[in-house]
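Coordinates as given in final10.cif (mmCIF, N, CA, C and O atoms):
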```
data_upload
#
loop_
_atom_site.label_atom_id
_atom_site.label_comp_id
_atom_site.auth_asym_id
_atom_site.auth_seq_id
_atom_site.Cartn_x
_atom_site.Cartn_y
_atom_site.Cartn_z
N MET Y 1 13.69 -17.24 -80.74
CA MET Y 1 14.91 -18.01 -80.71
C MET Y 1 14.98 -18.89 -81.95
O MET Y 1 13.99 -19.46 -82.39
N HIS Y 2 16.18 -18.97 -82.51
CA HIS Y 2 16.46 -19.88 -83.61
C HIS Y 2 17.27 -21.04 -83.03
O HIS Y 2 18.36 -20.82 -82.49
N LEU Y 3 16.74 -22.23 -83.14
CA LEU Y 3 17.40 -23.40 -82.58
C LEU Y 3 17.89 -24.28 -83.72
O LEU Y 3 17.11 -24.67 -84.60
N TYR Y 4 19.18 -24.58 -83.72
CA TYR Y 4 19.80 -25.39 -84.77
C TYR Y 4 20.15 -26.75 -84.19
O TYR Y 4 20.89 -26.84 -83.21
N LEU Y 5 19.64 -27.80 -84.79
CA LEU Y 5 19.93 -29.16 -84.36
C LEU Y 5 20.98 -29.73 -85.29
O LEU Y 5 20.73 -29.87 -86.49
N ILE Y 6 22.14 -30.02 -84.77
CA ILE Y 6 23.27 -30.44 -85.59
C ILE Y 6 23.67 -31.86 -85.21
O ILE Y 6 23.95 -32.15 -84.05
N ARG Y 7 23.69 -32.70 -86.20
CA ARG Y 7 24.10 -34.09 -85.99
C ARG Y 7 25.62 -34.15 -86.00
O ARG Y 7 26.27 -33.48 -86.80
N HIS Y 8 26.16 -34.97 -85.13
CA HIS Y 8 27.62 -35.12 -85.08
C HIS Y 8 28.13 -35.66 -86.42
O HIS Y 8 27.39 -36.24 -87.20
N GLY Y 9 29.42 -35.48 -86.65
CA GLY Y 9 30.06 -35.99 -87.85
C GLY Y 9 30.09 -37.52 -87.85
O GLY Y 9 29.72 -38.18 -86.88
N ILE Y 10 30.55 -38.08 -88.95
CA ILE Y 10 30.63 -39.54 -89.10
C ILE Y 10 31.54 -40.10 -88.01
O ILE Y 10 32.67 -39.67 -87.84
N ALA Y 11 31.01 -41.08 -87.28
CA ALA Y 11 31.75 -41.66 -86.16
C ALA Y 11 32.24 -43.06 -86.50
O ALA Y 11 31.78 -43.69 -87.45
N GLU Y 12 33.16 -43.54 -85.67
CA GLU Y 12 33.65 -44.90 -85.81
C GLU Y 12 32.49 -45.89 -85.71
O GLU Y 12 31.50 -45.61 -85.03
N PRO Y 13 32.61 -47.02 -86.37
CA PRO Y 13 31.54 -48.02 -86.26
C PRO Y 13 31.46 -48.57 -84.84
O PRO Y 13 32.44 -48.54 -84.09
N ARG Y 14 30.29 -49.04 -84.50
CA ARG Y 14 30.11 -49.68 -83.19
C ARG Y 14 30.89 -50.97 -83.15
O ARG Y 14 30.96 -51.71 -84.12
N ARG Y 15 31.49 -51.23 -81.99
CA ARG Y 15 32.24 -52.47 -81.80
C ARG Y 15 31.66 -53.21 -80.61
O ARG Y 15 31.37 -52.60 -79.57
N SER Y 16 31.56 -54.48 -80.76
CA SER Y 16 31.04 -55.31 -79.68
C SER Y 16 31.92 -55.16 -78.44
O SER Y 16 33.14 -55.24 -78.51
N GLY Y 17 31.28 -54.89 -77.32
CA GLY Y 17 32.01 -54.76 -76.06
C GLY Y 17 32.58 -53.38 -75.79
O GLY Y 17 33.05 -53.11 -74.69
N ALA Y 18 32.58 -52.51 -76.78
CA ALA Y 18 33.11 -51.15 -76.60
C ALA Y 18 31.95 -50.20 -76.32
O ALA Y 18 30.90 -50.31 -76.95
N PRO Y 19 32.12 -49.28 -75.38
CA PRO Y 19 31.02 -48.36 -75.06
C PRO Y 19 30.72 -47.41 -76.24
O PRO Y 19 31.64 -46.86 -76.85
N ASP Y 20 29.45 -47.24 -76.51
CA ASP Y 20 29.02 -46.37 -77.61
C ASP Y 20 29.45 -44.92 -77.36
O ASP Y 20 29.82 -44.21 -78.29
N ALA Y 21 29.42 -44.48 -76.12
CA ALA Y 21 29.74 -43.09 -75.80
C ALA Y 21 31.16 -42.70 -76.17
O ALA Y 21 31.46 -41.52 -76.36
N GLY Y 22 32.05 -43.67 -76.32
CA GLY Y 22 33.45 -43.38 -76.62
C GLY Y 22 33.80 -43.35 -78.09
O GLY Y 22 34.96 -43.11 -78.45
N ARG Y 23 32.81 -43.59 -78.96
CA ARG Y 23 33.11 -43.58 -80.40
C ARG Y 23 33.53 -42.17 -80.85
O ARG Y 23 32.84 -41.21 -80.58
N ARG Y 24 34.64 -42.10 -81.54
CA ARG Y 24 35.20 -40.84 -82.01
C ARG Y 24 34.79 -40.57 -83.46
O ARG Y 24 34.32 -41.47 -84.15
N LEU Y 25 35.04 -39.35 -83.92
CA LEU Y 25 34.84 -39.04 -85.34
C LEU Y 25 35.92 -39.76 -86.15
O LEU Y 25 37.05 -39.89 -85.70
N THR Y 26 35.55 -40.18 -87.34
CA THR Y 26 36.54 -40.75 -88.25
C THR Y 26 37.28 -39.60 -88.94
O THR Y 26 36.86 -38.44 -88.89
N VAL Y 27 38.37 -39.93 -89.60
CA VAL Y 27 39.10 -38.91 -90.37
C VAL Y 27 38.17 -38.31 -91.42
O VAL Y 27 38.11 -37.09 -91.59
N GLU Y 28 37.41 -39.16 -92.11
CA GLU Y 28 36.47 -38.67 -93.11
C GLU Y 28 35.38 -37.83 -92.46
O GLU Y 28 34.99 -36.77 -92.99
N GLY Y 29 34.87 -38.27 -91.32
CA GLY Y 29 33.83 -37.53 -90.62
C GLY Y 29 34.29 -36.14 -90.23
O GLY Y 29 33.57 -35.15 -90.37
N ARG Y 30 35.51 -36.06 -89.73
CA ARG Y 30 36.09 -34.77 -89.35
C ARG Y 30 36.25 -33.87 -90.58
O ARG Y 30 35.86 -32.71 -90.57
N ALA Y 31 36.81 -34.42 -91.65
CA ALA Y 31 37.04 -33.63 -92.88
C ALA Y 31 35.73 -33.12 -93.47
O ALA Y 31 35.63 -31.95 -93.87
N ARG Y 32 34.73 -33.99 -93.52
CA ARG Y 32 33.44 -33.57 -94.09
C ARG Y 32 32.77 -32.52 -93.22
O ARG Y 32 32.16 -31.58 -93.73
N PHE Y 33 32.92 -32.66 -91.90
CA PHE Y 33 32.29 -31.68 -91.03
C PHE Y 33 33.00 -30.33 -91.12
O PHE Y 33 32.36 -29.28 -91.05
N VAL Y 34 34.31 -30.33 -91.27
CA VAL Y 34 35.05 -29.09 -91.47
C VAL Y 34 34.51 -28.36 -92.71
O VAL Y 34 34.34 -27.14 -92.70
N GLN Y 35 34.21 -29.11 -93.76
CA GLN Y 35 33.63 -28.50 -94.96
C GLN Y 35 32.24 -27.93 -94.66
O GLN Y 35 31.88 -26.85 -95.17
N SER Y 36 31.47 -28.62 -93.85
CA SER Y 36 30.15 -28.11 -93.46
C SER Y 36 30.27 -26.81 -92.68
O SER Y 36 29.49 -25.87 -92.90
N VAL Y 37 31.23 -26.73 -91.80
CA VAL Y 37 31.46 -25.51 -91.02
C VAL Y 37 31.83 -24.36 -91.96
O VAL Y 37 31.33 -23.24 -91.80
N LYS Y 38 32.66 -24.62 -92.94
CA LYS Y 38 33.02 -23.59 -93.92
C LYS Y 38 31.78 -23.09 -94.65
O LYS Y 38 31.62 -21.88 -94.87
N GLY Y 39 30.89 -24.01 -95.01
CA GLY Y 39 29.65 -23.62 -95.68
C GLY Y 39 28.75 -22.79 -94.77
O GLY Y 39 28.17 -21.79 -95.21
N MET Y 40 28.65 -23.18 -93.51
CA MET Y 40 27.84 -22.41 -92.55
C MET Y 40 28.42 -21.01 -92.38
O MET Y 40 27.67 -20.02 -92.30
N LYS Y 41 29.74 -20.92 -92.37
CA LYS Y 41 30.40 -19.62 -92.22
C LYS Y 41 30.10 -18.73 -93.42
O LYS Y 41 29.80 -17.54 -93.27
N ARG Y 42 30.17 -19.30 -94.63
CA ARG Y 42 29.86 -18.53 -95.85
C ARG Y 42 28.42 -18.03 -95.84
O ARG Y 42 28.12 -16.97 -96.37
N LEU Y 43 27.52 -18.80 -95.21
CA LEU Y 43 26.11 -18.40 -95.11
C LEU Y 43 25.89 -17.35 -94.02
O LEU Y 43 24.79 -16.83 -93.86
N GLY Y 44 26.94 -17.05 -93.25
CA GLY Y 44 26.81 -16.06 -92.19
C GLY Y 44 26.24 -16.61 -90.90
O GLY Y 44 25.80 -15.84 -90.05
N LEU Y 45 26.22 -17.92 -90.76
CA LEU Y 45 25.66 -18.54 -89.56
C LEU Y 45 26.59 -18.35 -88.38
O LEU Y 45 27.80 -18.62 -88.47
N ARG Y 46 26.05 -17.87 -87.27
CA ARG Y 46 26.80 -17.72 -86.03
C ARG Y 46 25.87 -18.15 -84.89
O ARG Y 46 24.66 -17.98 -84.97
N PHE Y 47 26.45 -18.64 -83.81
CA PHE Y 47 25.67 -19.13 -82.68
C PHE Y 47 26.02 -18.34 -81.43
O PHE Y 47 27.19 -18.08 -81.15
N ASP Y 48 25.00 -17.96 -80.68
CA ASP Y 48 25.21 -17.29 -79.39
C ASP Y 48 25.65 -18.30 -78.34
O ASP Y 48 26.36 -17.95 -77.40
N ALA Y 49 25.19 -19.52 -78.49
CA ALA Y 49 25.53 -20.58 -77.55
C ALA Y 49 25.52 -21.91 -78.29
O ALA Y 49 24.79 -22.09 -79.25
N LEU Y 50 26.34 -22.82 -77.81
CA LEU Y 50 26.43 -24.16 -78.38
C LEU Y 50 26.39 -25.16 -77.24
O LEU Y 50 27.18 -25.06 -76.30
N TRP Y 51 25.46 -26.07 -77.31
CA TRP Y 51 25.31 -27.13 -76.30
C TRP Y 51 25.57 -28.46 -76.99
O TRP Y 51 25.12 -28.69 -78.11
N HIS Y 52 26.29 -29.36 -76.31
CA HIS Y 52 26.54 -30.67 -76.90
C HIS Y 52 26.41 -31.76 -75.85
O HIS Y 52 26.55 -31.51 -74.65
N SER Y 53 26.16 -32.96 -76.31
CA SER Y 53 26.06 -34.09 -75.41
C SER Y 53 27.46 -34.50 -74.95
O SER Y 53 28.46 -34.10 -75.56
N PRO Y 54 27.56 -35.31 -73.90
CA PRO Y 54 28.87 -35.75 -73.43
C PRO Y 54 29.50 -36.85 -74.29
O PRO Y 54 30.64 -37.23 -74.05
N LEU Y 55 28.81 -37.34 -75.29
CA LEU Y 55 29.38 -38.36 -76.16
C LEU Y 55 30.60 -37.78 -76.87
O LEU Y 55 30.58 -36.63 -77.32
N VAL Y 56 31.65 -38.57 -76.98
CA VAL Y 56 32.91 -38.08 -77.54
C VAL Y 56 32.71 -37.49 -78.94
O VAL Y 56 33.21 -36.40 -79.24
N ARG Y 57 31.95 -38.16 -79.79
CA ARG Y 57 31.76 -37.67 -81.16
C ARG Y 57 31.01 -36.33 -81.19
O ARG Y 57 31.28 -35.49 -82.03
N ALA Y 58 30.10 -36.11 -80.26
CA ALA Y 58 29.38 -34.83 -80.19
C ALA Y 58 30.31 -33.73 -79.70
O ALA Y 58 30.30 -32.61 -80.21
N ALA Y 59 31.15 -34.04 -78.71
CA ALA Y 59 32.10 -33.05 -78.20
C ALA Y 59 33.12 -32.68 -79.28
O ALA Y 59 33.47 -31.50 -79.43
N GLU Y 60 33.59 -33.67 -80.04
CA GLU Y 60 34.54 -33.38 -81.13
C GLU Y 60 33.89 -32.52 -82.20
O GLU Y 60 34.51 -31.59 -82.73
N THR Y 61 32.63 -32.80 -82.51
CA THR Y 61 31.90 -32.00 -83.50
C THR Y 61 31.72 -30.57 -82.99
O THR Y 61 31.91 -29.61 -83.75
N ALA Y 62 31.39 -30.42 -81.72
CA ALA Y 62 31.23 -29.09 -81.13
C ALA Y 62 32.53 -28.30 -81.22
O ALA Y 62 32.52 -27.10 -81.51
N THR Y 63 33.65 -28.96 -81.01
CA THR Y 63 34.95 -28.29 -81.12
C THR Y 63 35.16 -27.74 -82.53
O THR Y 63 35.66 -26.63 -82.71
N LEU Y 64 34.75 -28.50 -83.53
CA LEU Y 64 34.89 -28.04 -84.92
C LEU Y 64 33.98 -26.85 -85.22
O LEU Y 64 34.27 -26.06 -86.12
N LEU Y 65 32.90 -26.70 -84.46
CA LEU Y 65 31.97 -25.60 -84.66
C LEU Y 65 32.39 -24.31 -83.94
O LEU Y 65 31.81 -23.26 -84.17
N GLU Y 66 33.40 -24.38 -83.10
CA GLU Y 66 33.79 -23.23 -82.28
C GLU Y 66 34.03 -21.93 -83.06
O GLU Y 66 33.71 -20.86 -82.55
N PRO Y 67 34.54 -21.97 -84.29
CA PRO Y 67 34.71 -20.71 -85.02
C PRO Y 67 33.39 -19.97 -85.28
O PRO Y 67 33.40 -18.77 -85.56
N LEU Y 68 32.28 -20.66 -85.15
CA LEU Y 68 30.98 -20.04 -85.40
C LEU Y 68 30.27 -19.61 -84.13
O LEU Y 68 29.17 -19.07 -84.18
N VAL Y 69 30.89 -19.85 -82.98
CA VAL Y 69 30.24 -19.59 -81.70
C VAL Y 69 30.74 -18.28 -81.10
O VAL Y 69 31.92 -18.11 -80.87
N ARG Y 70 29.78 -17.36 -80.86
CA ARG Y 70 30.11 -16.07 -80.25
C ARG Y 70 30.15 -16.18 -78.73
O ARG Y 70 30.85 -15.45 -78.07
N GLY Y 71 29.35 -17.08 -78.19
CA GLY Y 71 29.28 -17.25 -76.73
C GLY Y 71 30.07 -18.47 -76.32
O GLY Y 71 31.12 -18.77 -76.87
N GLU Y 72 29.53 -19.17 -75.36
CA GLU Y 72 30.26 -20.33 -74.87
C GLU Y 72 29.66 -21.64 -75.36
O GLU Y 72 28.52 -21.72 -75.76
N SER Y 73 30.49 -22.66 -75.30
CA SER Y 73 30.09 -24.02 -75.65
C SER Y 73 29.97 -24.79 -74.34
O SER Y 73 30.86 -24.71 -73.50
N ARG Y 74 28.86 -25.52 -74.20
CA ARG Y 74 28.62 -26.23 -72.95
C ARG Y 74 28.22 -27.68 -73.23
O ARG Y 74 27.55 -27.96 -74.21
N GLU Y 75 28.62 -28.53 -72.32
CA GLU Y 75 28.22 -29.93 -72.38
C GLU Y 75 27.03 -30.14 -71.45
O GLU Y 75 26.99 -29.56 -70.37
N THR Y 76 26.07 -30.95 -71.90
CA THR Y 76 24.95 -31.30 -71.04
C THR Y 76 24.52 -32.73 -71.30
O THR Y 76 24.33 -33.12 -72.45
N PRO Y 77 24.34 -33.51 -70.25
CA PRO Y 77 23.83 -34.87 -70.42
C PRO Y 77 22.39 -34.89 -70.92
O PRO Y 77 21.90 -35.91 -71.38
N LEU Y 78 21.71 -33.75 -70.86
CA LEU Y 78 20.33 -33.67 -71.34
C LEU Y 78 20.23 -33.94 -72.84
O LEU Y 78 19.17 -34.31 -73.34
N LEU Y 79 21.33 -33.75 -73.58
CA LEU Y 79 21.32 -34.02 -75.02
C LEU Y 79 21.68 -35.46 -75.36
O LEU Y 79 21.70 -35.84 -76.52
N ALA Y 80 21.96 -36.26 -74.35
CA ALA Y 80 22.30 -37.67 -74.59
C ALA Y 80 21.07 -38.57 -74.43
O ALA Y 80 21.19 -39.78 -74.43
N ARG Y 81 19.91 -37.95 -74.31
CA ARG Y 81 18.66 -38.72 -74.18
C ARG Y 81 17.53 -37.94 -74.86
O ARG Y 81 17.75 -36.88 -75.41
N SER Y 82 16.34 -38.49 -74.79
CA SER Y 82 15.19 -37.83 -75.42
C SER Y 82 14.98 -36.44 -74.84
O SER Y 82 15.21 -36.22 -73.64
N PRO Y 83 14.54 -35.48 -75.68
CA PRO Y 83 14.36 -34.11 -75.22
C PRO Y 83 13.32 -34.01 -74.08
O PRO Y 83 12.35 -34.74 -74.06
N THR Y 84 13.59 -33.09 -73.18
CA THR Y 84 12.68 -32.82 -72.08
C THR Y 84 12.48 -31.31 -71.96
O THR Y 84 13.26 -30.53 -72.50
N ARG Y 85 11.49 -30.93 -71.21
CA ARG Y 85 11.24 -29.51 -70.96
C ARG Y 85 12.45 -28.90 -70.24
O ARG Y 85 12.80 -27.74 -70.46
N GLN Y 86 13.09 -29.67 -69.39
CA GLN Y 86 14.26 -29.19 -68.65
C GLN Y 86 15.33 -28.66 -69.60
O GLN Y 86 15.95 -27.63 -69.34
N LEU Y 87 15.55 -29.35 -70.71
CA LEU Y 87 16.54 -28.90 -71.68
C LEU Y 87 16.16 -27.54 -72.25
O LEU Y 87 16.99 -26.64 -72.35
N LEU Y 88 14.91 -27.37 -72.61
CA LEU Y 88 14.47 -26.10 -73.20
C LEU Y 88 14.52 -24.95 -72.19
O LEU Y 88 14.68 -23.80 -72.57
N GLU Y 89 14.42 -25.28 -70.91
CA GLU Y 89 14.44 -24.24 -69.89
C GLU Y 89 15.83 -23.69 -69.61
O GLU Y 89 15.96 -22.59 -69.10
N VAL Y 90 16.88 -24.42 -69.95
CA VAL Y 90 18.24 -23.96 -69.64
C VAL Y 90 18.88 -23.17 -70.77
O VAL Y 90 19.89 -22.49 -70.55
N ILE Y 91 18.33 -23.22 -71.96
CA ILE Y 91 18.99 -22.55 -73.08
C ILE Y 91 18.65 -21.06 -73.13
O ILE Y 91 17.54 -20.66 -72.79
N ARG Y 92 19.61 -20.28 -73.51
CA ARG Y 92 19.44 -18.84 -73.65
C ARG Y 92 20.18 -18.39 -74.90
O ARG Y 92 21.23 -18.90 -75.23
N GLY Y 93 19.61 -17.39 -75.57
CA GLY Y 93 20.27 -16.83 -76.75
C GLY Y 93 19.31 -16.77 -77.91
O GLY Y 93 18.27 -17.40 -77.92
N GLU Y 94 19.67 -15.98 -78.89
CA GLU Y 94 18.85 -15.82 -80.09
C GLU Y 94 19.12 -16.94 -81.10
O GLU Y 94 18.22 -17.43 -81.75
N HIS Y 95 20.38 -17.33 -81.23
CA HIS Y 95 20.79 -18.39 -82.16
C HIS Y 95 21.56 -19.44 -81.36
O HIS Y 95 22.72 -19.23 -80.99
N VAL Y 96 20.90 -20.56 -81.12
CA VAL Y 96 21.46 -21.60 -80.25
C VAL Y 96 21.58 -22.89 -81.04
O VAL Y 96 20.67 -23.27 -81.77
N ALA Y 97 22.72 -23.57 -80.88
CA ALA Y 97 22.94 -24.86 -81.58
C ALA Y 97 23.04 -25.97 -80.56
O ALA Y 97 23.65 -25.81 -79.50
N PHE Y 98 22.43 -27.10 -80.91
CA PHE Y 98 22.54 -28.34 -80.14
C PHE Y 98 23.28 -29.33 -81.01
O PHE Y 98 22.95 -29.53 -82.18
N VAL Y 99 24.28 -30.00 -80.45
CA VAL Y 99 24.99 -31.08 -81.15
C VAL Y 99 24.74 -32.36 -80.39
O VAL Y 99 25.01 -32.45 -79.20
N GLY Y 100 24.19 -33.34 -81.08
CA GLY Y 100 23.91 -34.61 -80.44
C GLY Y 100 24.19 -35.76 -81.38
O GLY Y 100 24.61 -35.56 -82.50
#
```

As a first step, turn the structure in this file into structure tokens.
Amino acid sequence: MHLYLIRHGIAEPRRSGAPDAGRRLTVEGRARFVQSVKGMKRLGLRFDALWHSPLVRAAETATLLEPLVRGESRETPLLARSPTRQLLEVIRGEHVAFVG
């Protein structure tokens, strides 16, 4: 298995009193990540499965990666915390991407 760990795009700054999980991608973050996806496509990168955390910025990043995904994209709270064996037990595929 080839496992790709992908960091979400540039997100809004943290604000006092606002939940971290709701931070969205910035316009610049979205634009830069779109360019990254184009580069991955030129390299021939494709994913059998894509897993992302429930954080808004990770879900938005996963959406931008959809052109590279042959299988399905899934959300899992397991990617919103430190890795566990449970996470590794649920993944299937030859080329799998995690967005966190």

Discussion item. To test your reading of the syntax: which residues would the PyMOL selection byres (((chain Y and resi 48 and name CA) around 10) and name CA) return for the file shown? Reply as an NGL selection string.
Written reply: :Y and (46-47 or 49-50 or 68-73 or 92-97)

Practice prompt. Run the PyMOL selection byres (((chain Y and resi 10 and name CA) around 8) and name CA) on the file and write out the hits as a PyMOL selection string.
Written response: chain Y and resi 8-9+11-12+25-26+28-30

Fill in: Polymer residues at most 6 Å from Pro77 in chain Y, all atoms listed in the file, same-chain spacing of 4 or more positions, as a PyMOL selection string
chain Y and resi 52-54+81

Box dimensions and centre (Å, one decimal) enclosing range 76-91 of chain Y, axis-aligned, 6 Å extra per side, as JSON:
```
{"center_x": 18.7, "center_y": -30.2, "center_z": -72.6, "size_x": 26.8, "size_y": 31.1, "size_z": 19.9}
```

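Computed from the coordinates, the atom N of Glu75 in chain Y to CA of Ile6 in chain Y distance equals 14.4 Å.
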
Practice prompt. Write down as a list in words the residues belonging to range 32-85 of chain Y that are assigned alpha helix (DSSP H) by DSSP computed on the backbone.
Written response: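 Assigned to alpha helix (DSSP H), within range 32-85 of chain Y: Arg32, Phe33, Val34, Gln35, Ser36, Val37, Lys38, Gly39, Met40, Lys41, Arg42, Val56, Arg57, Ala58, Ala59, Glu60, Thr61, Ala62, Thr63, Leu64, Leu65 and Arg85 of chain Y.
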
Worksheet item: So how many Å separate atom C of Trp51 in chain Y and CA of Ala31 in chain Y, to one decimal?
Response: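 These atoms are spaced 20.3 Å apart.
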